[in-house]
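Visitor: The structure file start.cif (mmCIF, C-alpha atoms, pLDDT in the B column; chains and numbers go by the auth columns) is provided below.
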```
data_data
#
loop_
_atom_site.group_PDB
_atom_site.id
_atom_site.type_symbol
_atom_site.label_atom_id
_atom_site.label_comp_id
_atom_site.label_asym_id
_atom_site.label_seq_id
_atom_site.Cartn_x
_atom_site.Cartn_y
_atom_site.Cartn_z
_atom_site.B_iso_or_equiv
_atom_site.auth_seq_id
_atom_site.auth_asym_id
ATOM 1 C CA MET A 1 126.108 90.638 -111.908 95.00 358 A
ATOM 2 C CA GLN A 2 122.926 89.918 -113.839 96.00 359 A
ATOM 3 C CA LEU A 3 121.111 88.487 -110.828 96.00 360 A
ATOM 4 C CA LYS A 4 122.203 91.382 -108.616 97.00 361 A
ATOM 5 C CA ALA A 5 120.929 93.914 -111.186 97.00 362 A
ATOM 6 C CA ALA A 6 117.700 91.950 -111.663 97.00 363 A
ATOM 7 C CA LYS A 7 116.950 91.925 -107.927 96.00 364 A
ATOM 8 C CA LYS A 8 117.710 95.641 -107.655 97.00 365 A
ATOM 9 C CA LEU A 9 115.654 96.796 -110.660 97.00 366 A
ATOM 10 C CA GLY A 10 112.976 94.135 -111.006 96.00 367 A
ATOM 11 C CA ILE A 11 109.918 92.852 -109.222 96.00 368 A
ATOM 12 C CA LYS A 12 110.391 92.105 -105.533 93.00 369 A
ATOM 13 C CA GLN A 13 110.375 88.314 -105.670 92.00 370 A
ATOM 14 C CA PRO A 14 109.990 85.446 -108.140 93.00 371 A
ATOM 15 C CA LEU A 15 106.409 84.579 -108.986 93.00 372 A
ATOM 16 C CA LYS A 16 104.991 81.156 -108.228 93.00 373 A
ATOM 17 C CA ASP A 17 102.868 80.691 -111.337 91.00 374 A
ATOM 18 C CA ARG A 18 101.124 82.441 -114.216 85.00 375 A
ATOM 19 C CA SER A 19 98.176 83.553 -112.092 86.00 376 A
ATOM 20 C CA ALA A 20 100.661 85.399 -109.865 87.00 377 A
ATOM 21 C CA ALA A 21 102.141 86.958 -113.005 80.00 378 A
ATOM 22 C CA ASN A 22 98.706 88.243 -113.986 78.00 379 A
ATOM 23 C CA ALA A 23 98.395 89.872 -110.556 81.00 380 A
ATOM 24 C CA VAL A 24 101.577 91.976 -110.922 82.00 381 A
ATOM 25 C CA LYS A 25 101.356 92.784 -114.623 76.00 382 A
ATOM 26 C CA ASP A 26 99.976 96.281 -113.919 79.00 383 A
ATOM 27 C CA GLY A 27 103.472 97.438 -112.934 84.00 384 A
ATOM 28 C CA LEU A 28 105.048 95.828 -116.003 94.00 385 A
ATOM 29 C CA VAL A 29 105.084 96.387 -119.760 95.00 386 A
ATOM 30 C CA ARG A 30 103.567 93.737 -122.024 95.00 387 A
ATOM 31 C CA ILE A 31 105.863 93.108 -124.957 96.00 388 A
ATOM 32 C CA GLU A 32 104.530 92.037 -128.330 97.00 389 A
ATOM 33 C CA ASP A 33 105.550 92.118 -131.965 96.00 390 A
ATOM 34 C CA ASN A 34 106.347 95.632 -133.184 95.00 391 A
ATOM 35 C CA ASP A 35 108.537 97.426 -135.747 92.00 392 A
ATOM 36 C CA TYR A 36 111.757 96.540 -133.866 95.00 393 A
ATOM 37 C CA TYR A 37 111.334 92.907 -132.809 97.00 394 A
ATOM 38 C CA SER A 38 109.137 89.822 -132.921 97.00 395 A
ATOM 39 C CA VAL A 39 108.169 87.737 -129.918 98.00 396 A
ATOM 40 C CA ASP A 40 108.545 83.991 -130.342 97.00 397 A
ATOM 41 C CA ARG A 41 105.894 81.562 -129.158 96.00 398 A
ATOM 42 C CA LEU A 42 106.582 81.759 -125.407 95.00 399 A
ATOM 43 C CA THR A 43 105.977 78.349 -123.875 91.00 400 A
ATOM 44 C CA HIS A 44 108.094 78.823 -120.725 91.00 401 A
ATOM 45 C CA SER A 45 107.728 82.529 -119.975 94.00 402 A
ATOM 46 C CA VAL A 46 105.212 85.369 -120.019 94.00 403 A
ATOM 47 C CA PRO A 47 105.619 88.536 -122.131 96.00 404 A
ATOM 48 C CA TYR A 48 106.180 91.122 -119.398 96.00 405 A
ATOM 49 C CA LEU A 49 109.191 93.286 -118.546 97.00 406 A
ATOM 50 C CA THR A 50 109.959 96.234 -116.305 97.00 407 A
ATOM 51 C CA ASN A 51 109.839 99.652 -117.971 97.00 408 A
ATOM 52 C CA GLY A 52 113.649 99.761 -118.132 98.00 409 A
ATOM 53 C CA ALA A 53 113.937 96.309 -119.690 98.00 410 A
ATOM 54 C CA ALA A 54 111.207 97.090 -122.241 98.00 411 A
ATOM 55 C CA GLU A 55 112.994 100.350 -123.107 98.00 412 A
ATOM 56 C CA LEU A 56 116.268 98.450 -123.535 98.00 413 A
ATOM 57 C CA LEU A 57 114.614 95.844 -125.773 98.00 414 A
ATOM 58 C CA ASP A 58 113.213 98.597 -128.017 98.00 415 A
ATOM 59 C CA MET A 59 116.656 100.225 -128.101 98.00 416 A
ATOM 60 C CA ILE A 60 118.323 96.956 -129.128 98.00 417 A
ATOM 61 C CA GLY A 61 115.787 96.337 -131.899 98.00 418 A
ATOM 62 C CA LYS A 62 116.017 99.891 -133.225 97.00 419 A
ATOM 63 C CA ASN A 63 119.827 99.988 -133.046 98.00 420 A
ATOM 64 C CA PHE A 64 120.018 96.614 -134.800 97.00 421 A
ATOM 65 C CA LEU A 65 117.846 97.806 -137.698 95.00 422 A
ATOM 66 C CA ASP A 66 119.766 101.104 -137.903 95.00 423 A
ATOM 67 C CA SER A 67 123.070 99.224 -137.950 96.00 424 A
ATOM 68 C CA LEU A 68 121.888 96.896 -140.718 93.00 425 A
ATOM 69 C CA GLU A 69 120.771 99.892 -142.767 90.00 426 A
ATOM 70 C CA SER A 70 124.070 101.747 -142.258 93.00 427 A
ATOM 71 C CA LYS A 71 125.936 98.648 -143.470 92.00 428 A
ATOM 72 C CA GLY A 72 123.729 98.372 -146.553 86.00 429 A
ATOM 73 C CA LEU A 73 122.123 95.136 -145.324 88.00 430 A
ATOM 74 C CA ASN A 74 118.464 94.292 -145.618 86.00 431 A
ATOM 75 C CA PRO A 75 116.424 94.677 -142.441 88.00 432 A
ATOM 76 C CA ASN A 76 115.712 91.700 -140.220 92.00 433 A
ATOM 77 C CA LYS A 77 113.967 91.934 -136.862 95.00 434 A
ATOM 78 C CA ILE A 78 115.382 90.244 -133.782 97.00 435 A
ATOM 79 C CA ILE A 79 113.326 87.503 -132.135 98.00 436 A
ATOM 80 C CA VAL A 80 112.715 87.503 -128.372 98.00 437 A
ATOM 81 C CA THR A 81 112.677 83.898 -127.167 97.00 438 A
ATOM 82 C CA SER A 82 112.247 84.201 -123.393 96.00 439 A
ATOM 83 C CA VAL A 83 111.055 86.845 -120.954 97.00 440 A
ATOM 84 C CA LEU A 84 109.611 86.734 -117.400 96.00 441 A
ATOM 85 C CA ARG A 85 109.685 83.220 -115.934 94.00 442 A
ATOM 86 C CA THR A 86 107.602 81.974 -113.031 93.00 443 A
ATOM 87 C CA GLN A 87 108.831 79.246 -110.680 92.00 444 A
ATOM 88 C CA GLU A 88 106.392 76.911 -112.423 93.00 445 A
ATOM 89 C CA ASP A 89 107.979 77.773 -115.811 91.00 446 A
ATOM 90 C CA ILE A 90 111.459 77.072 -114.447 90.00 447 A
ATOM 91 C CA LYS A 91 110.441 73.657 -113.095 89.00 448 A
ATOM 92 C CA ARG A 92 109.054 72.697 -116.508 87.00 449 A
ATOM 93 C CA LEU A 93 112.245 73.914 -118.208 85.00 450 A
ATOM 94 C CA GLN A 94 114.374 71.907 -115.785 83.00 451 A
ATOM 95 C CA LYS A 95 112.324 68.784 -116.486 83.00 452 A
ATOM 96 C CA SER A 96 112.901 69.300 -120.200 79.00 453 A
ATOM 97 C CA GLY A 97 116.674 69.203 -119.617 74.00 454 A
ATOM 98 C CA ASN A 98 117.489 72.901 -120.072 67.00 455 A
ATOM 99 C CA ALA A 99 120.759 73.415 -118.182 63.00 456 A
ATOM 100 C CA ASN A 100 120.257 77.197 -118.077 63.00 457 A
ATOM 101 C CA ALA A 101 116.981 76.936 -116.156 70.00 458 A
ATOM 102 C CA ILE A 102 118.205 77.868 -112.685 73.00 459 A
ATOM 103 C CA THR A 103 115.785 78.375 -109.819 75.00 460 A
ATOM 104 C CA ASN A 104 116.872 81.914 -109.003 81.00 461 A
ATOM 105 C CA SER A 105 117.242 83.227 -112.557 92.00 462 A
ATOM 106 C CA PRO A 106 117.338 86.913 -113.494 96.00 463 A
ATOM 107 C CA HIS A 107 114.369 86.041 -115.743 96.00 464 A
ATOM 108 C CA CYS A 108 112.287 85.802 -112.543 96.00 465 A
ATOM 109 C CA TYR A 109 112.497 89.562 -111.958 97.00 466 A
ATOM 110 C CA ALA A 110 111.137 90.845 -115.320 97.00 467 A
ATOM 111 C CA THR A 111 114.466 92.525 -116.115 98.00 468 A
ATOM 112 C CA THR A 112 115.938 89.850 -118.360 98.00 469 A
ATOM 113 C CA PHE A 113 115.139 88.516 -121.802 98.00 470 A
ATOM 114 C CA ASP A 114 116.729 86.280 -124.422 98.00 471 A
ATOM 115 C CA ILE A 115 117.239 87.195 -128.076 98.00 472 A
ATOM 116 C CA SER A 116 118.026 84.512 -130.632 98.00 473 A
ATOM 117 C CA TYR A 117 121.259 84.988 -132.545 98.00 474 A
ATOM 118 C CA ALA A 118 120.432 82.099 -134.900 97.00 475 A
ATOM 119 C CA ARG A 119 116.977 83.144 -136.143 96.00 476 A
ATOM 120 C CA TYR A 120 115.648 86.484 -137.376 95.00 477 A
ATOM 121 C CA ASP A 121 112.271 87.672 -138.608 92.00 478 A
ATOM 122 C CA LYS A 122 112.422 88.721 -142.228 84.00 479 A
ATOM 123 C CA THR A 123 108.816 87.883 -143.125 67.00 480 A
ATOM 124 C CA TRP A 124 107.699 91.505 -142.873 62.00 481 A
ATOM 125 C CA PHE A 125 110.348 92.524 -145.416 62.00 482 A
ATOM 126 C CA LYS A 126 109.856 89.797 -148.026 59.00 483 A
ATOM 127 C CA ASN A 127 107.289 91.904 -149.881 57.00 484 A
ATOM 128 C CA PHE A 128 109.973 94.377 -150.918 59.00 485 A
ATOM 129 C CA ARG A 129 111.080 94.021 -154.485 56.00 486 A
ATOM 130 C CA TYR A 130 114.832 93.914 -153.959 61.00 487 A
ATOM 131 C CA TYR A 131 115.010 91.693 -150.897 62.00 488 A
ATOM 132 C CA LYS A 132 118.271 89.795 -150.602 70.00 489 A
ATOM 133 C CA SER A 133 118.814 87.361 -147.760 77.00 490 A
ATOM 134 C CA VAL A 134 121.567 88.133 -145.226 87.00 491 A
ATOM 135 C CA LYS A 135 123.566 85.236 -143.766 92.00 492 A
ATOM 136 C CA PRO A 136 122.744 84.430 -140.124 92.00 493 A
ATOM 137 C CA GLU A 137 126.451 84.736 -139.216 96.00 494 A
ATOM 138 C CA THR A 138 126.442 88.325 -140.496 97.00 495 A
ATOM 139 C CA LEU A 139 123.285 89.149 -138.541 97.00 496 A
ATOM 140 C CA LYS A 140 124.767 87.589 -135.397 98.00 497 A
ATOM 141 C CA LYS A 141 127.890 89.741 -135.776 98.00 498 A
ATOM 142 C CA VAL A 142 125.859 92.944 -136.194 98.00 499 A
ATOM 143 C CA LEU A 143 123.656 92.063 -133.205 98.00 500 A
ATOM 144 C CA GLY A 144 126.787 91.352 -131.158 98.00 501 A
ATOM 145 C CA GLU A 145 128.168 94.786 -132.065 98.00 502 A
ATOM 146 C CA VAL A 146 124.914 96.463 -130.990 98.00 503 A
ATOM 147 C CA LEU A 147 124.943 94.606 -127.666 98.00 504 A
ATOM 148 C CA ARG A 148 128.643 95.355 -127.107 98.00 505 A
ATOM 149 C CA ASP A 149 127.986 99.067 -127.573 98.00 506 A
ATOM 150 C CA LEU A 150 125.049 99.068 -125.140 98.00 507 A
ATOM 151 C CA LYS A 151 127.088 97.095 -122.615 98.00 508 A
ATOM 152 C CA LYS A 152 129.915 99.678 -122.905 98.00 509 A
ATOM 153 C CA GLN A 153 127.313 102.391 -122.232 98.00 510 A
ATOM 154 C CA LYS A 154 126.372 100.484 -119.037 98.00 511 A
ATOM 155 C CA LYS A 155 122.818 99.928 -120.224 98.00 512 A
ATOM 156 C CA CYS A 156 122.895 96.136 -119.921 98.00 513 A
ATOM 157 C CA TYR A 157 124.703 92.933 -119.069 98.00 514 A
ATOM 158 C CA VAL A 158 124.992 90.350 -121.837 98.00 515 A
ATOM 159 C CA LYS A 159 125.719 86.631 -121.650 96.00 516 A
ATOM 160 C CA TYR A 160 126.348 84.529 -124.741 95.00 517 A
ATOM 161 C CA GLU A 161 124.485 81.217 -124.437 92.00 518 A
ATOM 162 C CA LYS A 162 125.968 78.747 -126.871 89.00 519 A
ATOM 163 C CA LYS A 163 123.622 75.799 -126.268 86.00 520 A
ATOM 164 C CA GLN A 164 120.449 77.894 -126.331 87.00 521 A
ATOM 165 C CA ARG A 165 121.707 79.938 -129.305 95.00 522 A
ATOM 166 C CA CYS A 166 120.740 83.232 -127.739 97.00 523 A
ATOM 167 C CA PHE A 167 122.003 86.330 -125.989 98.00 524 A
ATOM 168 C CA HIS A 168 120.814 86.495 -122.371 97.00 525 A
ATOM 169 C CA ILE A 169 120.366 90.199 -121.563 98.00 526 A
ATOM 170 C CA THR A 170 119.625 91.980 -118.273 98.00 527 A
ATOM 171 C CA THR A 171 118.844 95.668 -118.151 98.00 528 A
ATOM 172 C CA ARG A 172 120.800 98.154 -116.063 97.00 529 A
ATOM 173 C CA ILE A 173 118.324 100.981 -116.689 93.00 530 A
#
```
Do you think you could lay out the structure here as structure tokens?
Guide:
Amino acid sequence: MQLKAAKKLGIKQPLKDRSAANAVKDGLVRIEDNDYYSVDRLTHSVPYLTNGAAELLDMIGKNFLDSLESKGLNPNKIIVTSVLRTQEDIKRLQKSGNANAITNSPHCYATTFDISYARYDKTWFKNFRYYKSVKPETLKKVLGEVLRDLKKQKKCYVKYEKKQRCFHITTRI
């Protein structure tokens, strides 16, 4: 389902390498740290998504922060760990032993991204006087609830990746 949606909504074909990614980036949205999420050091992907995927990512980050606030929990930003992958990126991932690095991945179409469920960015909030740490298990549960709701609204597909400790998300918008 994720691959079918990615091919329908994303770029026309997987990109060979990063120079090819630079050539098509005009039709994509560059994602970077903002009020809703942080972008991890991307060693095997480039920070570009389709408009729909970028909109979904913002929605997830905003809904996550809103949900934490409504539950009386301190804010933590989600961390994006993977975005658009080129064929070159996938080959390097495969060589490193990553079992999820398939040749025809939804990541190749700029519609799919990964969000860590094990790590969160709280550095921006540490300056607040009454900061109290929230357990990662609690944050994972809240993030799961946010993703479940968006999936029910038919805005995305979500796959739980146990070994990579992330949610693999493909937009449907």
Visitor: For the provided coordinates, the residues matched by the PyMOL selection byres ((chain A and resi 467-470) around 6) should be stated as a PyMOL selection string.
Guide: chain A and resi 363+367+406-407+410+439-441+463-466+471+526-528
Visitor: Please enumerate the residues selected by the PyMOL selection byres ((chain A and resi 392) around 9) when evaluated against the supplied file, formatted as a VMD selection string.
Guide: chain A and resid 390 to 391 393 to 395 418 to 419 434
Visitor: Report as a list in words all protein, DNA and RNA residues lying within 8 Å of Ile530 in chain A, evaluated on only C-alpha atoms, omitting residues in the same chain fewer than 2 positions from it.
Guide: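 So the residues in contact are Leu366, Gly409, Ala410, Leu413, Lys512, Cys513 and Thr528 of chain A.
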Visitor: Rounded to one decimal place, report the CA of Leu360 in chain A-CA of Arg442 in chain A distance in Å.
Guide: 13.6 Å
Visitor: Could you check how far CA of Arg387 in chain A sits from CA of Thr438 in chain A, in Å to one decimal?
Guide: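 Atom-to-atom, CA of Arg387 in chain A to CA of Thr438 in chain A, that is 14.4 Å.
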Visitor: Could you please determine the separation between CA of Leu504 in chain A and CA of Lys516 in chain A in Å, to one decimal place?
Guide: 10.0 Å
Visitor: Step by step, work through what the PyMOL selection byres ((chain A and resi 436) around 6) selects in the shown file, and finish by giving those residues as an MDAnalysis selection string.
Guide: chainID A and resid 394:396 435 437 472:473 477
Visitor: Would you compute, for all listed atoms of range 420-438 of chain A, the axis-aligned bounding box grown by 3 Å on each side, and then report its centre and edge lengths in Å rounded to one decimal, as JSON?
Guide:
```
{"center_x": 119.3, "center_y": 92.8, "center_z": -136.9, "size_x": 19.3, "size_y": 23.8, "size_z": 25.4}
```
